[in-house]
Amino acid sequence: MPIAHAAAPVDLEGFELRVLHIPLVSPFTTSFGTETVREVIVVRALTAGPDGWGEIVTQELPLYSSEYTRGAWDVAQRCLIPALLDARTVAPEQAADLLDPFVGHRMAKAGLELAVLDAALRAEGRPLGEYLGAVRDRVPSGVSVGIQRDPAALVDAVAGYLDAGYVRIKIKIKPGRDIDDTAAVRDAFGSIPLQVDANSAYALADLDTLAELDRFDLLLIEQPLREDDLVDHAALAQRLRTPVCLDESITSAKAASDALALGAASVINIKAGRVGGYLEAVQIHDLCRDAGVPVWCGGMIETGIGRAANAALAALPGFTLPGDVSASDRFYTRDIVTEPAVMRDGHVAVPTGPGLGVEIDPVALDDFTVERVEVRR
Ligand code: OSB
Ligand code: MG
């Protein structure tokens, strides 16, 4: 269902942007690289009423997508924020249209839209989950496990997450670190809910390797081929028993419906940042639900801001698979919100307070800030 009750517009006075560097509890390795510090942009919408908070989930370098921190930092100040400030009074549902003339930069747009949305909902005392259409008060918590030194180290890492209570394991794979890693986890833990994420590291020519994964009864394989390879994904999906799930390729609701029409995916990972915002994410949820296609909520190593919003999104009825909605302590020893997301009985709670339902810890925010700018009307 589209948003049932629109939010009242907010009177925008300006935006504050900060680049944060937050250390990770352990290095996170994917097919595209290793991160030890999360570089992220935090957005604060300054309004006549309560401030609103958002997060731009770009990474330091354009390795996962074409977006990256310095690009988002520039386009937000040069194009996106001025477009919102020119409109002055902006309802969250209008933000995407105001930003639409600028091509791409969906993560930057999503972070700004979230800040406007949070401000609007705080002003009304309305929780984000309720606004988006959440039907649950907690969501099952899956974990994304990076590539480790060797399969034995991977088994150790997975054991820790299973002991902690995570209900679904996703392991990152890349060429040369796929079959043996997956086999080691299956051998060690039997029939746990398990899936793999290739982050675009393969080509259709790797069909034989990818087909070998069929014997592990995986929930799905996430983004085996490149972002633009929808036709190749459709060809691959025909040859695999493992369901193909798309992440990087799904940049909008249109991309999602095209992928489904082509048979390029039978499952979709929804990330609000990648698709330009939580409202576009709800549209993808709705179209997948109408098509009977399961979706799950992906993650971008969010701070407590994005983590709260993701829990709200993942509580919509079509999110029938556990998402990468993990506890804050899976990535951080210290978060920038006063009540970081925790996992209990394999679930993360959907915040119930107004807006995001989390409060910023101003000291932590300042401690992690490496650059700050304000753009005023
Ligand atoms: O592909 O899902 C991905 C993190 C950064 C960039 C891309 C991805 C990921 C993850 C981590 O897998 C998800 C999380 O935040 O838990
Ligand atoms: Mg992914």
# chains A, B, ... in the order shown; residues from 1 in each chain; ligands from 1
$ residues_around --residues "Gly33 (chain A)" --least-positions-apart "6" --cutoff "10 Å" --atoms "only C-alpha atoms" --output "ChimeraX atom specification"
/A:61,63-64,147
$ write_last_selection --atoms "N, CA and C atoms" --output "PDB file, in the first residue's frame"
ATOM      1  N   LEU A  61      34.923   5.110  -1.227  1.00  0.00           N
ATOM      2  CA  LEU A  61      35.251   4.937  -2.643  1.00  0.00           C
ATOM      3  C   LEU A  61      34.079   4.295  -3.383  1.00  0.00           C
ATOM      4  N   LEU A  63      33.058   1.655  -4.925  1.00  0.00           N
ATOM      5  CA  LEU A  63      33.361   0.245  -5.185  1.00  0.00           C
ATOM      6  C   LEU A  63      32.105  -0.622  -5.170  1.00  0.00           C
ATOM      7  N   TYR A  64      31.144  -0.246  -4.327  1.00  0.00           N
ATOM      8  CA  TYR A  64      29.858  -0.978  -4.293  1.00  0.00           C
ATOM      9  C   TYR A  64      28.917  -0.398  -5.348  1.00  0.00           C
ATOM     10  N   ILE A 147      34.376 -11.846   4.230  1.00  0.00           N
ATOM     11  CA  ILE A 147      35.353 -12.873   3.873  1.00  0.00           C
ATOM     12  C   ILE A 147      36.456 -12.868   4.930  1.00  0.00           C
TER      13      ILE A 147
END
$ closest_atom_pairs --of "chain A" --to "ligand 2" --cutoff "10 Å" --atoms "only C-alpha atoms and all ligand atoms" --output "tab-separated table"
residue	atom	partner	partner_atom_place_in_ligand_line	distance
A:Thr30	CA	ligand 2	1 (Mg)	9.4
A:Tyr64	CA	ligand 2	1 (Mg)	8.7
A:Ser144	CA	ligand 2	1 (Mg)	8.9
A:Lys170	CA	ligand 2	1 (Mg)	9.5
A:Lys172	CA	ligand 2	1 (Mg)	8.5
A:Val196	CA	ligand 2	1 (Mg)	8.8
A:Asp197	CA	ligand 2	1 (Mg)	5.6
A:Ala198	CA	ligand 2	1 (Mg)	7.2
A:Asn199	CA	ligand 2	1 (Mg)	5.5
A:Ser200	CA	ligand 2	1 (Mg)	8.6
A:Ile221	CA	ligand 2	1 (Mg)	9.5
A:Glu222	CA	ligand 2	1 (Mg)	6.0
A:Gln223	CA	ligand 2	1 (Mg)	6.5
A:Pro224	CA	ligand 2	1 (Mg)	9.4
A:Cys245	CA	ligand 2	1 (Mg)	9.0
A:Leu246	CA	ligand 2	1 (Mg)	7.8
A:Asp247	CA	ligand 2	1 (Mg)	5.2
A:Glu248	CA	ligand 2	1 (Mg)	6.8
A:Ser249	CA	ligand 2	1 (Mg)	10.0
A:Asn269	CA	ligand 2	1 (Mg)	7.5
A:Ile270	CA	ligand 2	1 (Mg)	9.7
A:Lys271	CA	ligand 2	1 (Mg)	9.3
A:Gly298	CA	ligand 2	1 (Mg)	7.0
A:Gly299	CA	ligand 2	1 (Mg)	8.0
A:Met300	CA	ligand 2	1 (Mg)	8.7
A:Asp324	CA	ligand 2	1 (Mg)	9.4
$ closest_residue --among "A:Val10, A:Asp100, A:Leu207, A:Arg177" --to "Ala235 (chain A)" --atoms "only C-alpha atoms"
A:Leu207
$ select_by_dssp --residues "region 19-252 of chain A" --states "strand (DSSP E)" --output "ChimeraX atom specification"
/A:19-30,33-47,52-56,89-90,138-140,142-145,168-172,194-197,221-222,244-246
$ atom_distance --atom1 "CA of Asp180 (chain A)" --atom2 "atom 14 (C, counted along the ligand's line) of ligand 1"
23.0 Å
$ residues_around --residues "Pro294 (chain A)" --least-positions-apart "2" --cutoff "8 Å" --atoms "only C-alpha atoms" --output "ChimeraX atom specification"
/A:266-268,288-289,292,296,318-321
$ write_last_selection --atoms "all heavy atoms" --output "mmCIF file, in the first residue's frame"
data_model
loop_
_atom_site.group_PDB
_atom_site.id
_atom_site.type_symbol
_atom_site.label_atom_id
_atom_site.label_comp_id
_atom_site.auth_asym_id
_atom_site.auth_seq_id
_atom_site.Cartn_x
_atom_site.Cartn_y
_atom_site.Cartn_z
ATOM 1 N N SER A 266 14.350 -13.606 -8.438
ATOM 2 C CA SER A 266 13.125 -14.124 -7.820
ATOM 3 C C SER A 266 13.006 -13.651 -6.370
ATOM 4 O O SER A 266 12.057 -13.996 -5.672
ATOM 5 C CB SER A 266 13.066 -15.647 -7.911
ATOM 6 O OG SER A 266 14.234 -16.205 -7.369
ATOM 7 N N VAL A 267 14.004 -12.883 -5.919
ATOM 8 C CA VAL A 267 14.009 -12.275 -4.585
ATOM 9 C C VAL A 267 14.672 -10.908 -4.752
ATOM 10 O O VAL A 267 15.577 -10.763 -5.579
ATOM 11 C CB VAL A 267 14.853 -13.104 -3.577
ATOM 12 C CG1 VAL A 267 14.811 -12.480 -2.191
ATOM 13 C CG2 VAL A 267 14.415 -14.554 -3.537
ATOM 14 N N ILE A 268 14.245 -9.928 -3.956
ATOM 15 C CA ILE A 268 14.887 -8.610 -4.034
ATOM 16 C C ILE A 268 15.321 -8.134 -2.648
ATOM 17 O O ILE A 268 14.581 -8.264 -1.670
ATOM 18 C CB ILE A 268 13.971 -7.592 -4.758
ATOM 19 C CG1 ILE A 268 13.962 -7.927 -6.259
ATOM 20 C CG2 ILE A 268 14.443 -6.151 -4.537
ATOM 21 C CD1 ILE A 268 13.120 -7.020 -7.126
ATOM 22 N N CYS A 288 6.603 -5.775 -5.315
ATOM 23 C CA CYS A 288 7.032 -7.172 -5.127
ATOM 24 C C CYS A 288 5.940 -7.973 -4.438
ATOM 25 O O CYS A 288 5.690 -9.133 -4.777
ATOM 26 C CB CYS A 288 8.325 -7.231 -4.314
ATOM 27 S SG CYS A 288 9.760 -6.679 -5.254
ATOM 28 N N ARG A 289 5.277 -7.363 -3.486
ATOM 29 C CA ARG A 289 4.212 -8.054 -2.773
ATOM 30 C C ARG A 289 3.082 -8.406 -3.745
ATOM 31 O O ARG A 289 2.563 -9.521 -3.747
ATOM 32 C CB ARG A 289 3.689 -7.134 -1.666
ATOM 33 C CG ARG A 289 2.968 -7.909 -0.600
ATOM 34 C CD ARG A 289 2.770 -7.075 0.635
ATOM 35 N NE ARG A 289 2.035 -7.868 1.593
ATOM 36 C CZ ARG A 289 0.932 -7.470 2.201
ATOM 37 N NH1 ARG A 289 0.452 -6.265 1.977
ATOM 38 N NH2 ARG A 289 0.332 -8.269 3.052
ATOM 39 N N GLY A 292 4.053 -11.323 -5.675
ATOM 40 C CA GLY A 292 4.371 -12.537 -4.913
ATOM 41 C C GLY A 292 5.863 -12.796 -4.793
ATOM 42 O O GLY A 292 6.292 -13.932 -4.622
ATOM 43 N N TRP A 296 13.672 -8.647 1.287
ATOM 44 C CA TRP A 296 14.296 -8.504 2.607
ATOM 45 C C TRP A 296 15.045 -7.193 2.643
ATOM 46 O O TRP A 296 15.349 -6.608 1.601
ATOM 47 C CB TRP A 296 15.190 -9.702 2.942
ATOM 48 C CG TRP A 296 16.255 -10.035 1.938
ATOM 49 C CD1 TRP A 296 16.081 -10.714 0.767
ATOM 50 C CD2 TRP A 296 17.657 -9.730 2.032
ATOM 51 N NE1 TRP A 296 17.287 -10.842 0.125
ATOM 52 C CE2 TRP A 296 18.267 -10.256 0.874
ATOM 53 C CE3 TRP A 296 18.441 -9.076 2.979
ATOM 54 C CZ2 TRP A 296 19.639 -10.136 0.635
ATOM 55 C CZ3 TRP A 296 19.804 -8.962 2.745
ATOM 56 C CH2 TRP A 296 20.384 -9.494 1.582
ATOM 57 N N GLY A 318 5.548 -7.436 3.449
ATOM 58 C CA GLY A 318 6.195 -8.192 2.374
ATOM 59 C C GLY A 318 7.617 -8.618 2.670
ATOM 60 O O GLY A 318 8.217 -9.376 1.903
ATOM 61 N N PHE A 319 8.190 -8.128 3.765
ATOM 62 C CA PHE A 319 9.554 -8.521 4.139
ATOM 63 C C PHE A 319 9.487 -9.890 4.808
ATOM 64 O O PHE A 319 9.458 -10.001 6.025
ATOM 65 C CB PHE A 319 10.205 -7.462 5.046
ATOM 66 C CG PHE A 319 10.625 -6.221 4.301
ATOM 67 C CD1 PHE A 319 9.706 -5.229 3.982
ATOM 68 C CD2 PHE A 319 11.943 -6.052 3.878
ATOM 69 C CE1 PHE A 319 10.085 -4.094 3.272
ATOM 70 C CE2 PHE A 319 12.329 -4.913 3.168
ATOM 71 C CZ PHE A 319 11.396 -3.939 2.866
ATOM 72 N N THR A 320 9.434 -10.921 3.973
ATOM 73 C CA THR A 320 9.199 -12.277 4.481
ATOM 74 C C THR A 320 10.490 -13.044 4.713
ATOM 75 O O THR A 320 10.452 -14.176 5.190
ATOM 76 C CB THR A 320 8.289 -13.055 3.508
ATOM 77 O OG1 THR A 320 8.871 -13.002 2.198
ATOM 78 C CG2 THR A 320 6.896 -12.442 3.461
ATOM 79 N N LEU A 321 11.623 -12.464 4.365
ATOM 80 C CA LEU A 321 12.913 -13.108 4.653
ATOM 81 C C LEU A 321 13.676 -12.235 5.655
ATOM 82 O O LEU A 321 13.553 -11.004 5.631
ATOM 83 C CB LEU A 321 13.744 -13.231 3.361
ATOM 84 C CG LEU A 321 13.219 -14.223 2.325
ATOM 85 C CD1 LEU A 321 13.943 -14.054 0.994
ATOM 86 C CD2 LEU A 321 13.370 -15.658 2.838
#
$ closest_residue --among "A:Ala134, A:Arg168, A:Arg226, A:Leu219" --to "Ala312 (chain A)" --atoms "only C-alpha atoms"
A:Ala134
$ atom_distance --atom1 "CA of Gly176 (chain A)" --atom2 "CA of Val231 (chain A)"
24.6 Å
